[in-house]
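Some notes on the structure that comes next.
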Protein chains: 2
Amino acid sequence: MAKPLPVSPMAATLPNLPPLAGVRLGAAAAGIRYKGRTDLVMAELAPGTTVAGVFTRSLCPGAPVDWCRLALKQGQARGVVVNAGNANVFTGRRGRETVEATAAAAGALLGCPAEQVFLASTGVIGEVLPHERITTALPALHAALNDNAWERAARGIMTTDTFPKASTRTAEIGGVPVRITGIAKGSGMIAPDMATMLCFVFTDAAIPAAALQTLLQGRVEETFNRTTVDSDTSTSDTVLLFATGQAANPAGASLDAFGAALHEVLLDLALQVICDGEGAQKLIRINVTGAESDGSAKRIGMAVANSPLVKTAVAGEDANWGRIVMAVGKAGEPADRDRLSVGVGGTWMARNGTVVEGYDEAPVVAHMKGRSVEIAIDIGLGKGVATVWTCDLTHGYIDINGSYRS
Amino acid sequence: MAKPLPVSPMAATLPNLPPLAGVRLGAAAAGIRYKGRTDLVMAELAPGTTVAGVFTRSLCPGAPVDWCRLALKQGQARGVVVNAGNANVFTGRRGRETVEATAAAAGALLGCPAEQVFLASTGVIGEVLPHERITTALPALHAALNDNAWERAARGIMTTDTFPKASTRTAEIGGVPVRITGIAKGSGMIAPDMATMLCFVFTDAAIPAAALQTLLQGRVEETFNRTTVDSDTSTSDTVLLFATGQAANPAGASLDAFGAALHEVLLDLALQVICDGEGAQKLIRINVTGAESDGSAKRIGMAVANSPLVKTAVAGEDANWGRIVMAVGKAGEPADRDRLSVGVGGTWMARNGTVVEGYDEAPVVAHMKGRSVEIAIDIGLGKGVATVWTCDLTHGYIDINGSYRS
């Protein structure tokens, strides 16, 4: 709340987002917390739309996450309602009443059962979200839904985000062209005050719910689950994928190209979230090779990505490979100090457990000054590989998170 | 290097540290990295001194840690040599040569085998530590050892520490009074540039090495292993306990009072390290109750203590219990959102999964402005309890760790 944050220096430009058959969108100013901006987003989905979802692993999730997990079981979706400003988390019985009333009101407008309406909330934790604010605004919002409101939707779900996030790709299924378009918000991995990661992806492809769920889980594991801003996990993180079926692609055709395009959309959105990380000035990509397994490589990469000392070193444009060695050592994964190699921006600074005497510092120094920093770690034990992404840790993070709620 | 850091507002005053029978200490300026200050500390221990040690869990430890782990097997100690300014970590073969040459030189002066000399190094990682700097300085340092140099020793092991850390207690074993005196350094849980936690504890009690090891491990688990500054783990963390036997207490007598006094010394030193945490302005104590087990309570407490969002909230004097709920949720331990309670400074703000309507904010606001912040978390599931400690996350941390090495 307070003064608006400066736009991230790594902000992406919103791509051209054409209509997607079977999806109508809109946003309204419901006055949930913010003044003078949209904070309520609705989507109407064509009958027959299938749905898949991946949610926070938090053991203290918000009421909308509980709702979606249950609703997902029936596999069909006709609508989505998302609000910004209040996360409806840690709100007990009244939180459940709000999700039930919201879904029922949207279902009545859309002509579907409440459990075909998917919900997400993001914003302050622990404050009751009065459903009247939402249910009062829904009829006019529903009446104004249209097929050309992607930007309005992307903006309406923002909280501490400094730019709207969207991505679109095309693919073919059995020779039929399909499109995938997603929007996302998030600027810390979490900040119950204001952040949380939400992502809504829509496609006109026809894909059964079970296959859609498998695709989504696999692609989220490759993308969102390999990014971190600050190691904290939201109570509300939600990724939903809706397939309207309007492209009428043949059933049973290969979904490989679709899966690859979905990976691209999710990675694009995940990296936009990292680039809007609270206080972020640099995007950090960490490539781990030579681990005992891919899983081990991922865990090593995430230990480095979550290390405050590595992230502050990058903020200071210091190619401090000693801190990288430290973070590898604390990951708890198989590693042999005397086989470990660390490089930055394509230059190996340490090889097989000791510094590379006389390595050329000039390209390393130049690389560290850029917006995008590449760290290479070779464990030297096996064939496990992983790439993970994070951002640097700066005074901006302390400014955003260390100020009073107001 | 750069400019000296301001002394922590939570700095402890050095206690009166009387001589301890069987221990002679000294410090010298060996010019390893710093100018105009002592950076090499030596202790001579009476013949028959037993030793116990606990070390970093890092899989990439420094050469001195490898050395101590091996030396510990024979259970006897006649000397300790500690340097500040260079950690001798990630230095390969030359790192091993340095520890061997240092231990041999000290052993020759002390008249003992090299493996009865214990070593620790702290400072920059990945730079060769030339043993000549140390071995050249040792003879004069050894000649000047005396029984009244505790403060010199406590200062000589400092790196980014802003105050020297020491603690002393007395106890009785079988009716015989004994003393325990320890010194420590550390100001991040780690910062391979400059920090790392080292702790050396000495007692005149006579305790066999095996019993000493059991005592030390148990007490470190209750103290140092329940504190965190920034979740990063040093490659060099070392706690050593030496028992000179000069008090001639009877063998086989209860060690309970000794263990309790050892706990106090270790906790005092651990909290001094937290109070000197990089950029720390507040000490945070987290009491977890009602977890499924004590181990689960500790893991929940550490997840809260390591959360950047909780730590920045405390820095901002914001009793943001929503972030505490988030951190409990990400711990991966059994928890039920609707039984969870969170309090600050003795006031419960959330009870059984929802905010306490109309709780008195005044004492909470006042408490948050103090130097010492108490967080209470009741999981509501079982009888597991744990207390852990951390410090807040401030601009000072970014200043210290985000600047160029220089």
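Convention: chains lettered A, B, ... in structure tokens order; per-chain residue numbering from 1; ligands numbered from 1 as shown.
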Quiz item: Taking only C-alpha atoms into account, what are the residues of chain B at most 8 Å from chain A, put as number ranges by chain?
Solution: B: 57-61, 90-92, 125-127, 191-193, 230-235, 307-309, 312-318, 322-323, 325-332, 334-338, 353-355, 393-395, 398, 401-405
Quiz item: What lies within 6 Å of Ala114 (chain A) using only C-alpha atoms, ignoring chain neighbours under 5 positions off, as a ChimeraX atom specification?
Solution: /A:103-104,107
Go ahead and dump the residues you just picked, N, CA and C atoms, as a CSV table (one decimal), in the first residue's frame.
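Result went into selection-v3.csv, see below:
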```
chain,number,residue,atom,x,y,z
A,103,ALA,N,-18.5,-18.7,-4.9
A,103,ALA,CA,-18.7,-19.7,-5.9
A,103,ALA,C,-20.1,-19.9,-6.3
A,104,ALA,N,-21.0,-19.8,-5.3
A,104,ALA,CA,-22.4,-20.0,-5.5
A,104,ALA,C,-22.9,-18.8,-6.4
A,107,GLY,N,-21.6,-19.2,-9.9
A,107,GLY,CA,-22.3,-20.3,-10.5
A,107,GLY,C,-23.6,-19.9,-11.0
```
Quiz item: If you measure from CA of Val65 (chain B) to CA of Asp256 (chain B), what distance in Å do you get, rounded to one decimal?
Solution: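 One can read the CA of Val65 (chain B) to CA of Asp256 (chain B) distance as 29.2 Å.
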Quiz item: Of the residues A:Thr102, A:Thr136, A:Asn16, A:Thr390, which is the one nearest to Ala28 (chain A), using only C-alpha atoms?
Solution: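 For Ala28 (chain A), the nearest of the given residues is A:Thr136.
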Practice problem: Could you give me, as a ChimeraX atom specification, each residue of region 71-205 of chain A that DSSP assigns to strand (DSSP E or B) when run on this structure's backbone? | Solution: /A:76,79-86,91,117-124,146,165-173,176-185,198-203
Practice problem: Do a neighbour search on Met302 (chain A) at 8 Å with only C-alpha atoms, toss out local chain neighbours closer than 6 positions, and write the hits as a list in words. | Solution: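 The residues satisfying every condition are Arg226, Thr227, Thr228 and Val388 of chain A.
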Exercise. Write out as a PyMOL selection string which residues come within 9 Å of Pro208 (chain A) when counting only C-alpha atoms, dropping same-chain ones fewer than 2 positions away.
Key: chain A and resi 49-51+75+206+210-213+243+251
Self-check item: Between CA of Tyr34 (chain A) and CA of Asn86 (chain A) - distance in Å to one decimal
Solution: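 Going from CA of Asn86 (chain A) over to CA of Tyr34 (chain A), I get 9.9 Å.
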Exercise. Have a look at A:Leu129, A:Ala43, A:Leu198, A:Leu138 and name the one nearest to Ala108 (chain A); count only C-alpha atoms.
Key: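 Selected residue with least distance to Ala108 (chain A): A:Leu138.
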Quiz item: To one decimal place, how far is CA of Phe242 (chain B) from CA of Ala257 (chain B) in Å?
Solution: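 These atoms are spaced 17.2 Å apart.
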Practice problem: Compare B:Ala63, B:Leu20, B:Thr98, B:Val81 by their minimum atom-to-atom distance to Asp204 (chain B), counting only C-alpha atoms, and give me the closest one. | Solution: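 When distances to Asp204 (chain B) are compared using only C-alpha atoms, the smallest one comes from B:Leu20.
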Exercise. Could you tell me which of B:Val239, B:Ala12, B:Ala140, B:Ala120 comes closest to Asp66 (chain B) if we count only C-alpha atoms?
Key: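 Of B:Val239, B:Ala12, B:Ala140, B:Ala120, the one nearest Asp66 (chain B) is B:Ala120, counting only C-alpha atoms.
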Quiz prompt | Test item, helix (DSSP H, G or I) assignment across region 73-318 of chain A, answer as an MDAnalysis selection string | solution = chainID A and resid 92:110 114:116 131:143 150:156 209:222 224:226 256:275 294:305 308:315
Quiz item: Near Ala166 (chain A), within 12 Å and counting only C-alpha atoms, which residues show up once chain neighbours fewer than 5 positions away are dropped, as JSON, numbers by chain?
Solution: {"A": [11, 12, 13, 14, 15, 16, 17, 18, 149, 150, 151, 152, 153, 154, 155, 157, 158, 180, 181, 182, 183, 184, 185, 186, 198, 199, 200, 201, 202, 264, 265, 266, 267, 268, 269, 270, 271, 272, 273]}
Those selected residues, please, written with N, CA and C atoms and delivered as a short mmCIF file (atom, residue, chain, number, x, y, z; two decimals), in the first residue's frame.
```cif
data_model
loop_
_atom_site.label_atom_id
_atom_site.label_comp_id
_atom_site.auth_asym_id
_atom_site.auth_seq_id
_atom_site.Cartn_x
_atom_site.Cartn_y
_atom_site.Cartn_z
N ALA A 11 11.44 -5.59 -16.13
CA ALA A 11 10.03 -5.78 -16.51
C ALA A 11 9.90 -6.24 -17.95
N ALA A 12 9.00 -7.18 -18.18
CA ALA A 12 8.71 -7.66 -19.54
C ALA A 12 7.62 -6.78 -20.15
N THR A 13 7.62 -6.70 -21.46
CA THR A 13 6.56 -6.00 -22.17
C THR A 13 5.43 -6.99 -22.42
N LEU A 14 4.21 -6.56 -22.22
CA LEU A 14 3.07 -7.45 -22.43
C LEU A 14 3.00 -7.86 -23.91
N PRO A 15 2.93 -9.16 -24.21
CA PRO A 15 2.85 -9.57 -25.62
C PRO A 15 1.45 -9.30 -26.18
N ASN A 16 1.33 -9.38 -27.50
CA ASN A 16 0.00 -9.32 -28.13
C ASN A 16 -0.77 -10.58 -27.73
N LEU A 17 -1.98 -10.39 -27.21
CA LEU A 17 -2.73 -11.53 -26.68
C LEU A 17 -4.07 -11.64 -27.40
N PRO A 18 -4.14 -12.41 -28.48
CA PRO A 18 -5.39 -12.53 -29.24
C PRO A 18 -6.46 -13.28 -28.45
N ALA A 149 -9.89 -9.08 -23.10
CA ALA A 149 -9.60 -8.39 -21.83
C ALA A 149 -8.40 -9.02 -21.11
N TRP A 150 -7.47 -9.60 -21.88
CA TRP A 150 -6.31 -10.25 -21.25
C TRP A 150 -5.51 -9.28 -20.39
N GLU A 151 -5.24 -8.09 -20.93
CA GLU A 151 -4.44 -7.14 -20.15
C GLU A 151 -5.17 -6.71 -18.89
N ARG A 152 -6.49 -6.46 -19.02
CA ARG A 152 -7.26 -6.08 -17.83
C ARG A 152 -7.18 -7.18 -16.77
N ALA A 153 -7.27 -8.43 -17.21
CA ALA A 153 -7.21 -9.55 -16.26
C ALA A 153 -5.82 -9.63 -15.62
N ALA A 154 -4.77 -9.48 -16.44
CA ALA A 154 -3.40 -9.57 -15.92
C ALA A 154 -3.13 -8.47 -14.91
N ARG A 155 -3.71 -7.30 -15.14
CA ARG A 155 -3.52 -6.19 -14.19
C ARG A 155 -4.38 -6.35 -12.94
N ILE A 157 -5.15 -8.89 -11.21
CA ILE A 157 -4.70 -9.84 -10.19
C ILE A 157 -3.41 -9.41 -9.51
N MET A 158 -2.83 -8.27 -9.91
CA MET A 158 -1.56 -7.82 -9.33
C MET A 158 -1.70 -7.38 -7.87
N ILE A 180 -2.10 -21.45 -26.37
CA ILE A 180 -2.02 -21.46 -24.90
C ILE A 180 -1.69 -20.04 -24.47
N THR A 181 -2.51 -19.48 -23.59
CA THR A 181 -2.26 -18.14 -23.07
C THR A 181 -2.36 -18.16 -21.55
N GLY A 182 -1.38 -17.59 -20.88
CA GLY A 182 -1.40 -17.56 -19.42
C GLY A 182 -1.15 -16.17 -18.88
N ILE A 183 -1.70 -15.94 -17.71
CA ILE A 183 -1.38 -14.73 -16.95
C ILE A 183 -0.90 -15.16 -15.56
N ALA A 184 -0.09 -14.34 -14.94
CA ALA A 184 0.42 -14.68 -13.61
C ALA A 184 0.64 -13.42 -12.81
N LYS A 185 0.71 -13.61 -11.49
CA LYS A 185 1.12 -12.51 -10.61
C LYS A 185 2.02 -13.12 -9.54
N GLY A 186 2.87 -12.27 -8.97
CA GLY A 186 3.78 -12.74 -7.93
C GLY A 186 5.04 -11.92 -7.95
N LEU A 198 0.19 -16.57 -8.27
CA LEU A 198 -0.99 -17.13 -8.93
C LEU A 198 -0.74 -17.18 -10.42
N CYS A 199 -1.20 -18.24 -11.07
CA CYS A 199 -1.03 -18.38 -12.52
C CYS A 199 -2.26 -19.06 -13.10
N PHE A 200 -2.83 -18.45 -14.13
CA PHE A 200 -4.01 -19.01 -14.79
C PHE A 200 -3.68 -19.17 -16.27
N VAL A 201 -3.77 -20.40 -16.76
CA VAL A 201 -3.42 -20.70 -18.14
C VAL A 201 -4.65 -21.27 -18.84
N PHE A 202 -4.86 -20.79 -20.07
CA PHE A 202 -6.04 -21.19 -20.83
C PHE A 202 -5.59 -21.70 -22.18
N GLU A 264 6.98 -23.68 -22.29
CA GLU A 264 7.46 -22.33 -22.63
C GLU A 264 6.63 -21.24 -21.97
N VAL A 265 5.32 -21.41 -21.98
CA VAL A 265 4.44 -20.41 -21.36
C VAL A 265 4.71 -20.34 -19.86
N LEU A 266 4.81 -21.50 -19.22
CA LEU A 266 5.00 -21.52 -17.77
C LEU A 266 6.37 -20.97 -17.39
N LEU A 267 7.40 -21.32 -18.18
CA LEU A 267 8.74 -20.82 -17.86
C LEU A 267 8.80 -19.31 -18.06
N ASP A 268 8.18 -18.84 -19.14
CA ASP A 268 8.14 -17.40 -19.40
C ASP A 268 7.49 -16.68 -18.21
N LEU A 269 6.36 -17.20 -17.76
CA LEU A 269 5.65 -16.57 -16.63
C LEU A 269 6.46 -16.68 -15.34
N ALA A 270 7.07 -17.84 -15.11
CA ALA A 270 7.86 -18.03 -13.87
C ALA A 270 9.02 -17.04 -13.85
N LEU A 271 9.68 -16.85 -15.00
CA LEU A 271 10.82 -15.93 -15.02
C LEU A 271 10.35 -14.48 -14.92
N GLN A 272 9.17 -14.18 -15.41
CA GLN A 272 8.62 -12.83 -15.21
C GLN A 272 8.38 -12.58 -13.71
N VAL A 273 7.92 -13.62 -13.01
CA VAL A 273 7.73 -13.46 -11.56
C VAL A 273 9.08 -13.21 -10.88
#
```
